[in-house]
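Student: I'm passing along my_file03.pdb; it holds PDB, C-alpha atoms.
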```pdb
ATOM      1  CA  MET R   1     -26.598  38.854  80.434  1.00  0.00           C
ATOM      2  CA  LEU R   2     -23.423  38.285  82.429  1.00  0.00           C
ATOM      3  CA  ARG R   3     -21.983  41.577  81.200  1.00  0.00           C
ATOM      4  CA  SER R   4     -25.161  43.364  82.254  1.00  0.00           C
ATOM      5  CA  TYR R   5     -24.999  41.725  85.687  1.00  0.00           C
ATOM      6  CA  TRP R   6     -21.400  42.932  86.053  1.00  0.00           C
ATOM      7  CA  ASN R   7     -22.232  46.464  84.865  1.00  0.00           C
ATOM      8  CA  VAL R   8     -25.302  46.808  87.084  1.00  0.00           C
ATOM      9  CA  GLY R   9     -23.426  45.845  90.226  1.00  0.00           C
ATOM     10  CA  PHE R  10     -19.924  47.051  89.381  1.00  0.00           C
ATOM     11  CA  LEU R  11     -19.442  48.955  92.648  1.00  0.00           C
ATOM     12  CA  LEU R  12     -21.025  46.123  94.597  1.00  0.00           C
ATOM     13  CA  HIS R  13     -18.702  43.573  93.015  1.00  0.00           C
ATOM     14  CA  LEU R  14     -15.705  45.695  93.924  1.00  0.00           C
ATOM     15  CA  SER R  15     -17.068  45.955  97.480  1.00  0.00           C
ATOM     16  CA  LEU R  16     -17.416  42.183  97.566  1.00  0.00           C
ATOM     17  CA  ILE R  17     -13.733  41.786  96.752  1.00  0.00           C
ATOM     18  CA  VAL R  18     -12.833  44.283  99.479  1.00  0.00           C
ATOM     19  CA  PHE R  19     -14.988  42.504 102.097  1.00  0.00           C
ATOM     20  CA  VAL R  20     -13.565  39.091 101.211  1.00  0.00           C
ATOM     21  CA  PHE R  21     -10.052  40.483 101.567  1.00  0.00           C
ATOM     22  CA  GLU R  22     -10.980  42.261 104.817  1.00  0.00           C
ATOM     23  CA  SER R  23     -12.492  39.083 106.231  1.00  0.00           C
ATOM     24  CA  TRP R  24      -9.326  37.144 105.480  1.00  0.00           C
ATOM     25  CA  LEU R  25      -7.104  39.916 106.885  1.00  0.00           C
ATOM     26  CA  TYR R  26      -9.158  40.223 110.090  1.00  0.00           C
ATOM     27  CA  TYR R  27      -9.295  36.446 110.473  1.00  0.00           C
ATOM     28  CA  THR R  28      -5.507  36.156 110.341  1.00  0.00           C
ATOM     29  CA  SER R  29      -5.248  38.907 112.965  1.00  0.00           C
ATOM     30  CA  LEU R  30      -7.859  37.116 115.099  1.00  0.00           C
ATOM     31  CA  ARG R  31      -5.982  33.836 114.805  1.00  0.00           C
ATOM     32  CA  ASP R  32      -2.693  35.456 115.802  1.00  0.00           C
ATOM     33  CA  ALA R  33      -4.221  37.293 118.776  1.00  0.00           C
ATOM     34  CA  PHE R  34      -6.007  34.124 119.910  1.00  0.00           C
ATOM     35  CA  ASN R  35      -2.822  32.034 119.655  1.00  0.00           C
ATOM     36  CA  GLU R  36      -0.985  34.655 121.718  1.00  0.00           C
ATOM     37  CA  GLY R  37      -3.709  34.572 124.395  1.00  0.00           C
ATOM     38  CA  GLN R  38      -4.734  38.219 123.949  1.00  0.00           C
ATOM     39  CA  VAL R  39      -8.403  38.091 124.940  1.00  0.00           C
ATOM     40  CA  LEU R  40      -9.397  41.730 124.343  1.00  0.00           C
ATOM     41  CA  LEU R  41      -7.602  41.883 121.029  1.00  0.00           C
ATOM     42  CA  SER R  42      -9.187  38.553 120.056  1.00  0.00           C
ATOM     43  CA  LEU R  43     -12.639  39.982 120.821  1.00  0.00           C
ATOM     44  CA  PHE R  44     -11.882  43.070 118.734  1.00  0.00           C
ATOM     45  CA  TRP R  45     -10.735  41.006 115.746  1.00  0.00           C
ATOM     46  CA  ALA R  46     -13.682  38.601 116.132  1.00  0.00           C
ATOM     47  CA  GLY R  47     -16.063  41.558 115.869  1.00  0.00           C
ATOM     48  CA  SER R  48     -14.181  42.843 112.848  1.00  0.00           C
ATOM     49  CA  VAL R  49     -14.367  39.440 111.139  1.00  0.00           C
ATOM     50  CA  LEU R  50     -18.114  39.212 111.789  1.00  0.00           C
ATOM     51  CA  PHE R  51     -18.654  42.731 110.471  1.00  0.00           C
ATOM     52  CA  ALA R  52     -16.704  42.177 107.252  1.00  0.00           C
ATOM     53  CA  PHE R  53     -17.958  38.632 106.683  1.00  0.00           C
ATOM     54  CA  SER R  54     -21.619  39.604 107.112  1.00  0.00           C
ATOM     55  CA  HIS R  55     -21.143  42.338 104.526  1.00  0.00           C
ATOM     56  CA  ILE R  56     -20.191  39.728 101.945  1.00  0.00           C
ATOM     57  CA  PHE R  57     -23.734  38.376 102.087  1.00  0.00           C
ATOM     58  CA  LEU R  58     -25.313  41.832 102.163  1.00  0.00           C
ATOM     59  CA  VAL R  59     -23.393  42.890  99.062  1.00  0.00           C
ATOM     60  CA  VAL R  60     -24.342  39.694  97.204  1.00  0.00           C
ATOM     61  CA  MET R  61     -28.019  40.184  98.104  1.00  0.00           C
ATOM     62  CA  ASP R  62     -27.875  43.847  97.100  1.00  0.00           C
ATOM     63  CA  GLY R  63     -26.340  42.879  93.743  1.00  0.00           C
ATOM     64  CA  TRP R  64     -29.106  40.318  93.173  1.00  0.00           C
ATOM     65  CA  SER R  65     -31.762  42.924  93.953  1.00  0.00           C
ATOM     66  CA  ARG R  66     -30.236  45.510  91.633  1.00  0.00           C
ATOM     67  CA  PHE R  67     -30.152  42.968  88.802  1.00  0.00           C
ATOM     68  CA  GLN R  68     -33.856  42.251  89.325  1.00  0.00           C
ATOM     69  CA  ASN R  69     -34.460  46.026  89.159  1.00  0.00           C
ATOM     70  CA  TYR R  70     -32.406  46.216  85.972  1.00  0.00           C
ATOM     71  CA  LYS R  71     -34.471  43.522  84.208  1.00  0.00           C
ATOM     72  CA  ARG R  72     -37.753  45.192  85.209  1.00  0.00           C
ATOM     73  CA  ILE R  73     -36.485  48.631  84.182  1.00  0.00           C
ATOM     74  CA  LYS R  74     -35.220  47.388  80.816  1.00  0.00           C
ATOM     75  CA  ASP R  75     -38.565  45.772  79.997  1.00  0.00           C
ATOM     76  CA  ASN R  76     -40.419  48.964  80.948  1.00  0.00           C
ATOM     77  CA  LEU R  77     -38.063  51.203  78.996  1.00  0.00           C
ATOM     78  CA  PHE R  78     -38.408  48.953  75.958  1.00  0.00           C
ATOM     79  CA  LEU R  79     -42.195  48.990  76.176  1.00  0.00           C
ATOM     80  CA  HIS R  80     -42.793  52.629  77.091  1.00  0.00           C
ATOM     81  CA  GLY R  81     -39.614  54.586  76.416  1.00  0.00           C
ATOM     82  CA  PHE R  82     -38.118  56.888  79.004  1.00  0.00           C
ATOM     83  CA  ASN R  83     -40.431  58.677  81.391  1.00  0.00           C
ATOM     84  CA  PRO R  84     -39.142  60.649  84.411  1.00  0.00           C
ATOM     85  CA  ARG R  85     -41.818  59.036  86.610  1.00  0.00           C
ATOM     86  CA  MET R  86     -40.163  55.706  85.849  1.00  0.00           C
ATOM     87  CA  ALA R  87     -36.724  56.919  86.993  1.00  0.00           C
ATOM     88  CA  TYR R  88     -37.889  58.694  90.130  1.00  0.00           C
ATOM     89  CA  PRO R  89     -38.186  55.594  92.397  1.00  0.00           C
ATOM     90  CA  TYR R  90     -34.584  54.646  91.549  1.00  0.00           C
ATOM     91  CA  MET R  91     -33.070  58.007  92.489  1.00  0.00           C
ATOM     92  CA  GLY R  92     -32.445  57.049  96.105  1.00  0.00           C
ATOM     93  CA  SER R  93     -29.232  55.076  95.831  1.00  0.00           C
ATOM     94  CA  LYS R  94     -26.197  54.936  93.576  1.00  0.00           C
ATOM     95  CA  CYS R  95     -26.739  51.213  92.996  1.00  0.00           C
ATOM     96  CA  GLN R  96     -30.351  51.669  91.927  1.00  0.00           C
ATOM     97  CA  ARG R  97     -29.394  54.536  89.613  1.00  0.00           C
ATOM     98  CA  SER R  98     -26.690  52.298  88.132  1.00  0.00           C
ATOM     99  CA  ALA R  99     -29.298  49.620  87.390  1.00  0.00           C
ATOM    100  CA  PHE R 100     -31.448  52.230  85.665  1.00  0.00           C
ATOM    101  CA  LEU R 101     -28.535  53.700  83.715  1.00  0.00           C
ATOM    102  CA  VAL R 102     -27.273  50.314  82.503  1.00  0.00           C
ATOM    103  CA  ALA R 103     -30.751  49.355  81.261  1.00  0.00           C
ATOM    104  CA  ALA R 104     -31.153  52.759  79.602  1.00  0.00           C
ATOM    105  CA  ALA R 105     -27.705  52.587  77.981  1.00  0.00           C
ATOM    106  CA  GLU R 106     -28.465  49.177  76.487  1.00  0.00           C
ATOM    107  CA  LEU R 107     -31.560  50.671  74.855  1.00  0.00           C
ATOM    108  CA  GLY R 108     -29.912  53.921  73.731  1.00  0.00           C
ATOM    109  CA  LEU R 109     -31.677  56.066  76.346  1.00  0.00           C
ATOM    110  CA  GLN R 110     -28.747  56.797  78.646  1.00  0.00           C
ATOM    111  CA  GLN R 111     -28.455  60.507  77.859  1.00  0.00           C
ATOM    112  CA  GLN R 112     -32.111  61.149  78.693  1.00  0.00           C
ATOM    113  CA  VAL R 113     -31.727  59.408  82.046  1.00  0.00           C
ATOM    114  CA  ARG R 114     -28.465  61.211  82.844  1.00  0.00           C
ATOM    115  CA  SER R 115     -30.072  64.565  82.007  1.00  0.00           C
ATOM    116  CA  PHE R 116     -33.032  63.763  84.256  1.00  0.00           C
ATOM    117  CA  TYR R 117     -30.798  62.865  87.204  1.00  0.00           C
ATOM    118  CA  GLU R 118     -28.709  66.009  86.659  1.00  0.00           C
ATOM    119  CA  ARG R 119     -31.866  68.149  86.651  1.00  0.00           C
ATOM    120  CA  MET R 120     -32.805  66.480  89.948  1.00  0.00           C
ATOM    121  CA  GLY R 121     -29.438  67.547  91.411  1.00  0.00           C
ATOM    122  CA  ILE R 122     -27.900  64.080  91.477  1.00  0.00           C
ATOM    123  CA  ARG R 123     -24.265  63.808  90.477  1.00  0.00           C
ATOM    124  CA  TRP R 124     -21.965  60.833  89.857  1.00  0.00           C
ATOM    125  CA  TYR R 125     -20.331  61.248  93.278  1.00  0.00           C
ATOM    126  CA  HIS R 126     -23.579  60.909  95.257  1.00  0.00           C
ATOM    127  CA  PHE R 127     -22.908  57.492  96.769  1.00  0.00           C
ATOM    128  CA  VAL R 128     -24.720  57.756 100.105  1.00  0.00           C
ATOM    129  CA  PRO R 129     -28.438  57.242  99.553  1.00  0.00           C
ATOM    130  CA  ARG R 130     -30.661  60.195 100.466  1.00  0.00           C
ATOM    131  CA  PHE R 131     -32.841  58.092 102.732  1.00  0.00           C
ATOM    132  CA  MET R 132     -29.844  57.292 104.952  1.00  0.00           C
ATOM    133  CA  VAL R 133     -29.293  60.977 105.613  1.00  0.00           C
ATOM    134  CA  GLN R 134     -32.989  61.815 106.017  1.00  0.00           C
ATOM    135  CA  ASP R 135     -33.821  58.874 108.313  1.00  0.00           C
ATOM    136  CA  PRO R 136     -30.983  57.522 110.480  1.00  0.00           C
ATOM    137  CA  LEU R 137     -33.206  54.636 111.637  1.00  0.00           C
ATOM    138  CA  PHE R 138     -33.588  53.307 108.080  1.00  0.00           C
ATOM    139  CA  LEU R 139     -31.991  49.971 109.047  1.00  0.00           C
ATOM    140  CA  PHE R 140     -35.035  49.091 111.104  1.00  0.00           C
ATOM    141  CA  LYS R 141     -37.568  49.737 108.349  1.00  0.00           C
ATOM    142  CA  ARG R 142     -39.092  46.769 106.569  1.00  0.00           C
ATOM    143  CA  SER R 143     -39.174  48.669 103.281  1.00  0.00           C
ATOM    144  CA  PHE R 144     -35.395  49.127 103.434  1.00  0.00           C
ATOM    145  CA  LEU R 145     -34.736  45.418 103.883  1.00  0.00           C
ATOM    146  CA  SER R 146     -37.193  44.265 101.221  1.00  0.00           C
ATOM    147  CA  ARG R 147     -36.188  46.883  98.675  1.00  0.00           C
ATOM    148  CA  THR R 148     -32.439  46.629  99.252  1.00  0.00           C
ATOM    149  CA  PHE R 149     -31.772  42.954  99.862  1.00  0.00           C
ATOM    150  CA  LEU R 150     -34.894  40.914  99.202  1.00  0.00           C
ATOM    151  CA  GLU R 151     -36.109  41.950  95.761  1.00  0.00           C
ATOM    152  CA  LYS R 152     -38.172  39.148  94.223  1.00  0.00           C
ATOM    153  CA  TYR R 153     -37.029  37.346  91.089  1.00  0.00           C
ATOM    154  CA  TYR R 154     -38.180  39.100  87.931  1.00  0.00           C
ATOM    155  CA  ALA R 155     -38.542  37.053  84.767  1.00  0.00           C
ATOM    156  CA  PRO R 156     -37.847  39.332  81.792  1.00  0.00           C
ATOM    157  CA  LYS R 157     -40.613  39.661  79.229  1.00  0.00           C
ATOM    158  CA  PHE R 158     -38.192  39.930  76.322  1.00  0.00           C
ATOM    159  CA  ASP R 159     -35.083  38.038  75.279  1.00  0.00           C
ATOM    160  CA  PHE R 160     -32.982  41.008  74.217  1.00  0.00           C
ATOM    161  CA  HIS R 161     -29.999  38.827  73.357  1.00  0.00           C
ATOM    162  CA  GLN R 162     -32.069  36.839  70.861  1.00  0.00           C
ATOM    163  CA  MET R 163     -33.648  40.034  69.501  1.00  0.00           C
ATOM    164  CA  TYR R 164     -30.184  41.509  68.970  1.00  0.00           C
ATOM    165  CA  GLN R 165     -28.930  38.373  67.209  1.00  0.00           C
ATOM    166  CA  HIS R 166     -32.000  38.338  64.953  1.00  0.00           C
ATOM    167  CA  HIS R 167     -31.465  42.012  64.150  1.00  0.00           C
ATOM    168  CA  GLN R 168     -27.787  41.361  63.336  1.00  0.00           C
ATOM    169  CA  TYR R 169     -28.727  38.395  61.109  1.00  0.00           C
ATOM    170  CA  THR R 170     -31.416  40.389  59.294  1.00  0.00           C
ATOM    171  CA  SER R 171     -29.080  43.360  58.796  1.00  0.00           C
ATOM    172  CA  THR R 172     -26.346  41.087  57.431  1.00  0.00           C
ATOM    173  CA  CYS R 173     -28.756  39.407  55.002  1.00  0.00           C
ATOM    174  CA  LEU R 174     -30.047  42.756  53.746  1.00  0.00           C
ATOM    175  CA  ALA R 175     -26.489  44.047  53.270  1.00  0.00           C
ATOM    176  CA  GLU R 176     -25.532  40.936  51.267  1.00  0.00           C
ATOM    177  CA  LYS R 177     -28.562  41.345  48.965  1.00  0.00           C
ATOM    178  CA  ASN R 178     -27.648  44.926  48.150  1.00  0.00           C
TER     179      ASN R 178
END
```
Here is the file; what I need is its structure written in the form of structure tokens.
Tutor:
Amino acid sequence: MLRSYWNVGFLLHLSLIVFVFESWLYYTSLRDAFNEGQVLLSLFWAGSVLFAFSHIFLVVMDGWSRFQNYKRIKDNLFLHGFNPRMAYPYMGSKCQRSAFLVAAAELGLQQQVRSFYERMGIRWYHFVPRFMVQDPLFLFKRSFLSRTFLEKYYAPKFDFHQMYQHHQYTSTCLAEKN
């Protein structure tokens, strides 16, 4: 489960490290400017600290939401197999596609999902979500906030780890009998 959480939010986790480092770097610059009595520079660095520090929380919330997507997607893929209609709502952002691809890979369906996204014209380097380009006021939409940062907890219907262990145990027992 921890490995899946890491894989789903890999880019987000890297961003988290960057924003923590940026916050520290900007804070030290703010402290130095403040100690030297440079008011305008202090205001600039204070704004930079607030910007970077607030992104730490946004990235953590985005990672949480993508993991909830991943669990829901994995259950649905396990129950129904891959269907393009299932992947379509997750096309919008790189992070959502990553959640879908990780769930699909864990169930052996990764190639079907990759082929679908390629047919839709989406490539690995498409990081900026389409909705950001199509609607510059996306930040003020309730759907953006709820879908990006406030995804509700999803309790998985299946314990895939236990299923895998049972499968391994059964396979080992059958191999020993033969």
Student: Residues at most 9 Å from Lys94 in chain R, counting only C-alpha atoms, excluding those fewer than 2 positions away in the same chain, as a PDB file with C-alpha atoms, in the frame of the given file?
Tutor:
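Contents of the output file selection-v4.pdb:
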```pdb
ATOM      1  CA  TYR R  90     -34.584  54.646  91.549  1.00  0.00           C
ATOM      2  CA  MET R  91     -33.070  58.007  92.489  1.00  0.00           C
ATOM      3  CA  GLY R  92     -32.445  57.049  96.105  1.00  0.00           C
ATOM      4  CA  GLN R  96     -30.351  51.669  91.927  1.00  0.00           C
ATOM      5  CA  ARG R  97     -29.394  54.536  89.613  1.00  0.00           C
ATOM      6  CA  SER R  98     -26.690  52.298  88.132  1.00  0.00           C
ATOM      7  CA  ALA R  99     -29.298  49.620  87.390  1.00  0.00           C
ATOM      8  CA  TRP R 124     -21.965  60.833  89.857  1.00  0.00           C
ATOM      9  CA  TYR R 125     -20.331  61.248  93.278  1.00  0.00           C
ATOM     10  CA  HIS R 126     -23.579  60.909  95.257  1.00  0.00           C
ATOM     11  CA  PHE R 127     -22.908  57.492  96.769  1.00  0.00           C
ATOM     12  CA  VAL R 128     -24.720  57.756 100.105  1.00  0.00           C
ATOM     13  CA  PRO R 129     -28.438  57.242  99.553  1.00  0.00           C
TER      14      PRO R 129
END
```
Student: Can you list, as a PyMOL selection string, every protein, DNA or RNA residue that comes within 10 Å of range 80-88 of chain R when you count only C-alpha atoms, leaving out same-chain residues fewer than 2 positions away?
Tutor: chain R and resi 73-78+90-92+96-97+100-101+104+107+109-110+112-113+116-117+120
Student: CA of Pro156 in chain R and CA of Trp6 in chain R, how far apart in Å?
Tutor: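 Computing the Euclidean distance for CA of Trp6 in chain R and CA of Pro156 in chain R yields 17.4 Å.
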Student: On this structure, which residues satisfy the PyMOL selection byres ((chain R and resi 152) around 8), written as a list in words?
Tutor: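 Applying the expression gives Ser65, Gln68, Leu150, Glu151, Tyr153 and Tyr154 of chain R.
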Student: May I have a table of the residues of range 48-115 of chain R lying at most 12 Å from range 30-36 of chain R, giving each one's closest pair of atoms and their distance in Å to one decimal, counting all atoms listed in the file, ordered by chain and ascending residue number, as a Markdown table?
Tutor:
```
| residue | atom | partner | partner_atom | distance |
| --- | --- | --- | --- | --- |
| R:Ser48 | CA | R:Leu30 | CA | 8.8 |
| R:Val49 | CA | R:Leu30 | CA | 8.0 |
| R:Leu50 | CA | R:Leu30 | CA | 11.0 |
```
Student: Counting only C-alpha atoms, which of R:Ala52, R:Met163, R:Ala105, R:Leu12 gets nearest to Phe67 in chain R?
Tutor: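 Selected residue with least distance to Phe67 in chain R: R:Leu12.
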Student: Could you please determine the separation between CA of Leu16 in chain R and CA of Gly63 in chain R in Å, to one decimal place?
Tutor: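 Atom-to-atom, CA of Leu16 in chain R and CA of Gly63 in chain R are spaced 9.7 Å apart.
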Student: What is the CA of Pro136 in chain R-CA of Phe51 in chain R distance in Å, reported with one decimal?
Tutor: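 Straight-line distance from CA of Pro136 in chain R to CA of Phe51 in chain R works out to 19.3 Å.
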Student: Which is closer to Ile17 in chain R than all the others in R:Glu106, R:Tyr5, R:Gly47, R:Val59, using all atoms listed in the file?
Tutor: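 Residue with the minimum atom-to-atom distance to Ile17 in chain R: R:Val59.
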Student: Restricting the calculation to all atoms listed in the file, which member of R:Phe53, R:Phe140, R:Val39, R:Gln162 is positioned closest to Tyr27 in chain R?
Tutor: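 The shortest atom-to-atom distance to Tyr27 in chain R comes from R:Phe53.
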Student: Which one is closest to Lys71 in chain R: R:His161, R:Ala103, R:His55, R:Trp24? Count all atoms listed in the file.
Tutor: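 Residue with the minimum atom-to-atom distance to Lys71 in chain R: R:Ala103.
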Student: Quick one: axis-aligned box around all listed atoms of range 96-99 of chain R, 6 Å on every side, centre and edge lengths in Å to one decimal, written as AutoDock Vina command-line options.
Tutor:
```
--center_x -28.5 --center_y 52.1 --center_z 89.7 --size_x 15.7 --size_y 16.9 --size_z 16.5
```
Student: Using only C-alpha atoms for the distances, tell me which of R:Val20, R:Trp45, R:Arg66, R:Leu79 is nearest to Val8 in chain R.
Tutor: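 Smallest distance to Val8 in chain R is found for R:Arg66.
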Student: Start from the incomplete input, build N, CA and C atoms for range 66-100 of chain R, and deliver everything as a tab-separated table (two decimals), in the frame of the given file.
Tutor:
```tsv
chain	number	residue	atom	x	y	z
R	66	ARG	N	-30.42	44.52	92.69
R	66	ARG	CA	-30.24	45.51	91.63
R	66	ARG	C	-30.39	44.88	90.25
R	67	PHE	N	-29.99	43.63	90.10
R	67	PHE	CA	-30.15	42.97	88.80
R	67	PHE	C	-31.63	42.72	88.51
R	68	GLN	N	-32.41	42.42	89.53
R	68	GLN	CA	-33.86	42.25	89.32
R	68	GLN	C	-34.47	43.60	88.92
R	69	ASN	N	-34.01	44.68	89.55
R	69	ASN	CA	-34.46	46.03	89.16
R	69	ASN	C	-34.11	46.30	87.71
R	70	TYR	N	-32.88	45.98	87.34
R	70	TYR	CA	-32.41	46.22	85.97
R	70	TYR	C	-33.31	45.53	84.94
R	71	LYS	N	-33.64	44.26	85.17
R	71	LYS	CA	-34.47	43.52	84.21
R	71	LYS	C	-35.86	44.16	84.09
R	72	ARG	N	-36.43	44.55	85.22
R	72	ARG	CA	-37.75	45.19	85.21
R	72	ARG	C	-37.68	46.54	84.50
R	73	ILE	N	-36.66	47.31	84.80
R	73	ILE	CA	-36.48	48.63	84.18
R	73	ILE	C	-36.31	48.49	82.67
R	74	LYS	N	-35.48	47.55	82.25
R	74	LYS	CA	-35.22	47.39	80.82
R	74	LYS	C	-36.50	47.01	80.07
R	75	ASP	N	-37.28	46.11	80.62
R	75	ASP	CA	-38.56	45.77	80.00
R	75	ASP	C	-39.45	47.01	79.88
R	76	ASN	N	-39.55	47.78	80.95
R	76	ASN	CA	-40.42	48.96	80.95
R	76	ASN	C	-39.91	50.04	79.99
R	77	LEU	N	-38.61	50.23	79.94
R	77	LEU	CA	-38.06	51.20	79.00
R	77	LEU	C	-38.30	50.76	77.56
R	78	PHE	N	-38.18	49.48	77.30
R	78	PHE	CA	-38.41	48.95	75.96
R	78	PHE	C	-39.87	49.13	75.55
R	79	LEU	N	-40.77	48.88	76.48
R	79	LEU	CA	-42.20	48.99	76.18
R	79	LEU	C	-42.69	50.43	76.07
R	80	HIS	N	-42.20	51.30	76.96
R	80	HIS	CA	-42.79	52.63	77.09
R	80	HIS	C	-41.85	53.78	76.79
R	81	GLY	N	-40.58	53.50	76.57
R	81	GLY	CA	-39.61	54.59	76.42
R	81	GLY	C	-39.33	55.23	77.76
R	82	PHE	N	-38.48	56.25	77.75
R	82	PHE	CA	-38.12	56.89	79.00
R	82	PHE	C	-39.21	57.84	79.46
R	83	ASN	N	-39.49	57.78	80.74
R	83	ASN	CA	-40.43	58.68	81.39
R	83	ASN	C	-39.84	59.01	82.76
R	84	PRO	N	-39.72	60.29	83.11
R	84	PRO	CA	-39.14	60.65	84.41
R	84	PRO	C	-39.82	59.96	85.60
R	85	ARG	N	-41.12	59.72	85.50
R	85	ARG	CA	-41.82	59.04	86.61
R	85	ARG	C	-41.26	57.63	86.82
R	86	MET	N	-40.75	57.05	85.77
R	86	MET	CA	-40.16	55.71	85.85
R	86	MET	C	-38.82	55.74	86.59
R	87	ALA	N	-38.06	56.80	86.40
R	87	ALA	CA	-36.72	56.92	86.99
R	87	ALA	C	-36.77	57.40	88.43
R	88	TYR	N	-37.82	58.09	88.80
R	88	TYR	CA	-37.89	58.69	90.13
R	88	TYR	C	-37.71	57.69	91.28
R	89	PRO	N	-38.36	56.53	91.27
R	89	PRO	CA	-38.19	55.59	92.40
R	89	PRO	C	-36.76	55.05	92.55
R	90	TYR	N	-35.94	55.18	91.52
R	90	TYR	CA	-34.58	54.65	91.55
R	90	TYR	C	-33.54	55.72	91.81
R	91	MET	N	-33.99	56.91	92.21
R	91	MET	CA	-33.07	58.01	92.49
R	91	MET	C	-32.33	57.83	93.81
R	92	GLY	N	-32.92	57.09	94.73
R	92	GLY	CA	-32.44	57.05	96.10
R	92	GLY	C	-31.03	56.59	96.31
R	93	SER	N	-30.57	55.60	95.57
R	93	SER	CA	-29.23	55.08	95.83
R	93	SER	C	-28.42	54.99	94.55
R	94	LYS	N	-27.13	55.04	94.71
R	94	LYS	CA	-26.20	54.94	93.58
R	94	LYS	C	-26.38	53.60	92.85
R	95	CYS	N	-26.59	52.54	93.61
R	95	CYS	CA	-26.74	51.21	93.00
R	95	CYS	C	-28.03	51.12	92.18
R	96	GLN	N	-29.10	51.70	92.68
R	96	GLN	CA	-30.35	51.67	91.93
R	96	GLN	C	-30.25	52.54	90.68
R	97	ARG	N	-29.61	53.69	90.80
R	97	ARG	CA	-29.39	54.54	89.61
R	97	ARG	C	-28.53	53.81	88.59
R	98	SER	N	-27.54	53.06	89.06
R	98	SER	CA	-26.69	52.30	88.13
R	98	SER	C	-27.52	51.28	87.37
R	99	ALA	N	-28.42	50.60	88.06
R	99	ALA	CA	-29.30	49.62	87.39
R	99	ALA	C	-30.11	50.32	86.31
R	100	PHE	N	-30.64	51.49	86.63
R	100	PHE	CA	-31.45	52.23	85.66
R	100	PHE	C	-30.59	52.69	84.49
```
